[in-house]
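**Student:** Supplied in structure tokens, the structure appears directly below.
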Amino acid sequence: MKKNRILWLTQLAMLTAIVLLLQMLPLAVGPLQLAAFALIPIVVGGALLGVGAGVWLGVVFSLVVLFGGDAAAFYAFSVPGTIITILARGVFAGAAGGLVYRALHKKNSWAAMVSAAVAVPVVNTGVFILGLAIFFLPMIGSLTYFLAAFVVTNFLIELAATVVISTALLPVVRRLAASRLRASR
């Protein structure tokens, strides 16, 4: 049992490092910052290690956004609103990925991974839009259309990248899950 826990913690630590790396690397295509890749280890972590790991990875993702400068423009409007919105989107996105995968993987692991890979960016963006509506809409006024275009573009990039890459990683997830199962025996 101790060996299995060490393996779980090691895998979680590696995925945490990957989230940090992907969120902090300035991956850009033209004017678009592609933070989309940081959602992939959240999907994989939720699928491989469970809902709690997905939540943890979502929190790590959120903390990098909060302290890495990506949320700086929103602090000017509402510090509490920024913190609540950014943390909530990471927590709920990580939980959604893990819950969706857990609910579907016994029936079809491929469908479970695709569904989890869709759920994470949908929840991430949905909670962000909800936070914008609650905390920032009255303050941003003329920027509403710009933000909407940016959010939709970013969402489509996140969705495509997360679904394609997470699904491609399914054999790795299966192999790691099998090794965890063997380690627990």
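In the structure tokens, chains take letters A, B, ... by order of appearance, with residues numbered from 1 within each chain and ligands from 1 in the order shown.
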Using DSSP secondary structure from the backbone, list all alpha helix (DSSP H) positions within range 29-80 of chain A, as a ChimeraX atom specification.

**Tutor:** /A:39-49,51-67,72-75,79-80

**Student:** Mind checking DSSP for range 12-176 of chain A and telling me the strand (DSSP E) residues as a ChimeraX atom specification?

**Tutor:** /A:28-29,32-33

**Student:** Fewer than 6 positions away in the same chain doesn't count, so skip those; otherwise give me all residues within 6 Å of range 35-51 of chain A, counting only C-alpha atoms, as JSON, numbers by chain.

**Tutor:** {"A": [15, 19, 22, 23, 57, 94, 95, 97, 98, 99, 101, 117, 158, 162, 166, 173]}

**Student:** With N, CA, C and O atoms retained, write the just-selected residues as a PDB file, in the first residue's frame.

**Tutor:**
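Result file is result.pdb:
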```
ATOM      1  N   LEU A  15       3.060  15.553 -12.825  1.00  0.00           N
ATOM      2  CA  LEU A  15       2.007  16.293 -13.516  1.00  0.00           C
ATOM      3  C   LEU A  15       1.931  17.743 -13.030  1.00  0.00           C
ATOM      4  O   LEU A  15       1.680  18.656 -13.817  1.00  0.00           O
ATOM      5  N   VAL A  19       2.241  21.027 -15.370  1.00  0.00           N
ATOM      6  CA  VAL A  19       1.296  22.151 -15.370  1.00  0.00           C
ATOM      7  C   VAL A  19       2.053  23.467 -15.191  1.00  0.00           C
ATOM      8  O   VAL A  19       1.826  24.437 -15.919  1.00  0.00           O
ATOM      9  N   LEU A  22       4.098  24.232 -18.458  1.00  0.00           N
ATOM     10  CA  LEU A  22       3.257  24.613 -19.591  1.00  0.00           C
ATOM     11  C   LEU A  22       2.551  25.948 -19.376  1.00  0.00           C
ATOM     12  O   LEU A  22       2.356  26.707 -20.322  1.00  0.00           O
ATOM     13  N   GLN A  23       2.176  26.239 -18.147  1.00  0.00           N
ATOM     14  CA  GLN A  23       1.485  27.501 -17.883  1.00  0.00           C
ATOM     15  C   GLN A  23       2.459  28.671 -17.867  1.00  0.00           C
ATOM     16  O   GLN A  23       2.088  29.786 -18.214  1.00  0.00           O
ATOM     17  N   LEU A  57      -4.362  19.834  -9.469  1.00  0.00           N
ATOM     18  CA  LEU A  57      -3.731  20.361 -10.678  1.00  0.00           C
ATOM     19  C   LEU A  57      -4.450  21.618 -11.164  1.00  0.00           C
ATOM     20  O   LEU A  57      -3.808  22.556 -11.650  1.00  0.00           O
ATOM     21  N   GLY A  94     -10.746  20.957 -12.957  1.00  0.00           N
ATOM     22  CA  GLY A  94     -10.039  19.749 -12.530  1.00  0.00           C
ATOM     23  C   GLY A  94     -10.985  18.685 -11.999  1.00  0.00           C
ATOM     24  O   GLY A  94     -10.848  17.502 -12.311  1.00  0.00           O
ATOM     25  N   ALA A  95     -11.964  19.109 -11.220  1.00  0.00           N
ATOM     26  CA  ALA A  95     -12.952  18.163 -10.693  1.00  0.00           C
ATOM     27  C   ALA A  95     -13.787  17.564 -11.820  1.00  0.00           C
ATOM     28  O   ALA A  95     -14.050  16.356 -11.838  1.00  0.00           O
ATOM     29  N   GLY A  97     -13.032  17.079 -14.994  1.00  0.00           N
ATOM     30  CA  GLY A  97     -12.272  16.088 -15.758  1.00  0.00           C
ATOM     31  C   GLY A  97     -12.205  14.748 -15.048  1.00  0.00           C
ATOM     32  O   GLY A  97     -12.449  13.693 -15.649  1.00  0.00           O
ATOM     33  N   GLY A  98     -11.893  14.775 -13.761  1.00  0.00           N
ATOM     34  CA  GLY A  98     -11.799  13.539 -12.992  1.00  0.00           C
ATOM     35  C   GLY A  98     -13.131  12.835 -12.843  1.00  0.00           C
ATOM     36  O   GLY A  98     -13.229  11.608 -12.974  1.00  0.00           O
ATOM     37  N   LEU A  99     -14.184  13.598 -12.580  1.00  0.00           N
ATOM     38  CA  LEU A  99     -15.514  13.004 -12.402  1.00  0.00           C
ATOM     39  C   LEU A  99     -16.047  12.397 -13.700  1.00  0.00           C
ATOM     40  O   LEU A  99     -16.610  11.292 -13.687  1.00  0.00           O
ATOM     41  N   TYR A 101     -14.291  11.318 -16.296  1.00  0.00           N
ATOM     42  CA  TYR A 101     -13.518  10.119 -16.642  1.00  0.00           C
ATOM     43  C   TYR A 101     -13.949   8.944 -15.757  1.00  0.00           C
ATOM     44  O   TYR A 101     -14.173   7.851 -16.246  1.00  0.00           O
ATOM     45  N   ALA A 117     -11.671  15.330 -21.657  1.00  0.00           N
ATOM     46  CA  ALA A 117     -10.908  16.360 -22.370  1.00  0.00           C
ATOM     47  C   ALA A 117     -11.811  17.475 -22.888  1.00  0.00           C
ATOM     48  O   ALA A 117     -11.357  18.608 -23.065  1.00  0.00           O
ATOM     49  N   GLU A 158      -8.088  25.833 -26.854  1.00  0.00           N
ATOM     50  CA  GLU A 158      -7.959  24.938 -25.695  1.00  0.00           C
ATOM     51  C   GLU A 158      -8.690  23.622 -25.925  1.00  0.00           C
ATOM     52  O   GLU A 158      -8.154  22.548 -25.631  1.00  0.00           O
ATOM     53  N   THR A 162      -6.644  20.182 -26.164  1.00  0.00           N
ATOM     54  CA  THR A 162      -6.883  19.268 -25.043  1.00  0.00           C
ATOM     55  C   THR A 162      -7.465  17.944 -25.518  1.00  0.00           C
ATOM     56  O   THR A 162      -7.020  16.875 -25.086  1.00  0.00           O
ATOM     57  N   SER A 166      -4.837  14.907 -25.205  1.00  0.00           N
ATOM     58  CA  SER A 166      -5.244  14.020 -24.100  1.00  0.00           C
ATOM     59  C   SER A 166      -5.659  12.653 -24.617  1.00  0.00           C
ATOM     60  O   SER A 166      -5.316  11.622 -24.032  1.00  0.00           O
ATOM     61  N   VAL A 173      -1.886   6.620 -20.232  1.00  0.00           N
ATOM     62  CA  VAL A 173      -2.728   6.597 -19.036  1.00  0.00           C
ATOM     63  C   VAL A 173      -3.090   5.156 -18.683  1.00  0.00           C
ATOM     64  O   VAL A 173      -3.019   4.753 -17.521  1.00  0.00           O
TER      65      VAL A 173
END
```

**Student:** Of the candidates A:Val64, A:Lys106, A:Gly126, A:Val172, which one gets nearest to Leu25 in chain A if we count only C-alpha atoms?

**Tutor:** A:Val64

**Student:** Determine, counting only C-alpha atoms, which protein, DNA and RNA residues have an atom within 12 Å of an atom of Phe128 in chain A; residues of the same chain fewer than 5 positions away are not included. Present the result as a PyMOL selection string.

**Tutor:** chain A and resi 62+71+74+81-93+121-123+133-137+147-148+151-152+154-155

**Student:** Would you mind exporting the chosen residues as a PDB file, in the first residue's frame, restricted to C-alpha atoms?

**Tutor:**
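Output file out-v8.pdb follows:
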```pdb
ATOM      1  CA  SER A  62      -5.001  28.813 -11.108  1.00  0.00           C
ATOM      2  CA  ALA A  71      -4.692  38.047 -14.264  1.00  0.00           C
ATOM      3  CA  PHE A  74      -8.489  41.980 -13.826  1.00  0.00           C
ATOM      4  CA  GLY A  81     -13.487  38.840  -8.022  1.00  0.00           C
ATOM      5  CA  THR A  82     -10.247  37.936  -9.799  1.00  0.00           C
ATOM      6  CA  ILE A  83      -9.134  35.512  -7.094  1.00  0.00           C
ATOM      7  CA  ILE A  84     -12.556  33.838  -6.824  1.00  0.00           C
ATOM      8  CA  THR A  85     -12.994  33.544 -10.601  1.00  0.00           C
ATOM      9  CA  ILE A  86      -9.524  32.181 -11.327  1.00  0.00           C
ATOM     10  CA  LEU A  87      -9.477  29.706  -8.427  1.00  0.00           C
ATOM     11  CA  ALA A  88     -13.023  28.504  -9.114  1.00  0.00           C
ATOM     12  CA  ARG A  89     -12.342  27.824 -12.781  1.00  0.00           C
ATOM     13  CA  GLY A  90      -9.277  25.707 -11.980  1.00  0.00           C
ATOM     14  CA  VAL A  91     -10.939  23.776  -9.160  1.00  0.00           C
ATOM     15  CA  PHE A  92     -14.141  23.052 -11.065  1.00  0.00           C
ATOM     16  CA  ALA A  93     -12.339  22.212 -14.323  1.00  0.00           C
ATOM     17  CA  PRO A 121     -11.960  23.415 -21.151  1.00  0.00           C
ATOM     18  CA  VAL A 122     -15.763  23.766 -21.187  1.00  0.00           C
ATOM     19  CA  VAL A 123     -15.898  24.125 -17.402  1.00  0.00           C
ATOM     20  CA  ALA A 133     -20.568  38.299 -15.680  1.00  0.00           C
ATOM     21  CA  ILE A 134     -20.713  38.411 -11.882  1.00  0.00           C
ATOM     22  CA  PHE A 135     -17.657  40.500 -11.040  1.00  0.00           C
ATOM     23  CA  PHE A 136     -16.558  42.432 -14.116  1.00  0.00           C
ATOM     24  CA  LEU A 137     -19.344  43.045 -16.637  1.00  0.00           C
ATOM     25  CA  LEU A 147     -13.179  39.912 -24.428  1.00  0.00           C
ATOM     26  CA  ALA A 148     -15.924  37.737 -25.922  1.00  0.00           C
ATOM     27  CA  VAL A 151     -12.517  34.058 -24.835  1.00  0.00           C
ATOM     28  CA  VAL A 152     -14.196  32.196 -27.714  1.00  0.00           C
ATOM     29  CA  ASN A 154      -8.983  30.838 -26.670  1.00  0.00           C
ATOM     30  CA  PHE A 155     -11.693  28.295 -25.821  1.00  0.00           C
TER      31      PHE A 155
END
```

**Student:** Pick from A:Ile157, A:Val164, A:Met24, A:Val118: nearest to Phe67 in chain A, with only C-alpha atoms counted?

**Tutor:**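 Using only C-alpha atoms, the shortest distance to Phe67 in chain A belongs to A:Met24.
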
**Student:** My list of candidates is A:Thr144, A:Ser115, A:Asn4, A:Gln11. Which is closest to Arg102 in chain A when distances are computed with only C-alpha atoms?

**Tutor:**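 Using only C-alpha atoms, the shortest distance to Arg102 in chain A belongs to A:Ser115.
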
**Student:** Quick one: pull the distance between CA of Ile129 in chain A and CA of Ala72 in chain A, Å, one decimal.

**Tutor:**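 Value for the CA of Ile129 in chain A-CA of Ala72 in chain A distance: 17.0 Å.
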
**Student:** Given the choices A:Val59, A:Ile140, A:Ala76, A:Leu176, which gets closest to Asn124 in chain A if the distance is worked out from only C-alpha atoms?

**Tutor:**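 Closest to Asn124 in chain A, using only C-alpha atoms: A:Val59.
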
**Student:** Taking only C-alpha atoms into account, name the residue in A:Leu132, A:Met139, A:Ala112, A:Val55 that is nearest to Thr167 in chain A.

**Tutor:**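 Smallest separation from Thr167 in chain A among the options: A:Ala112.
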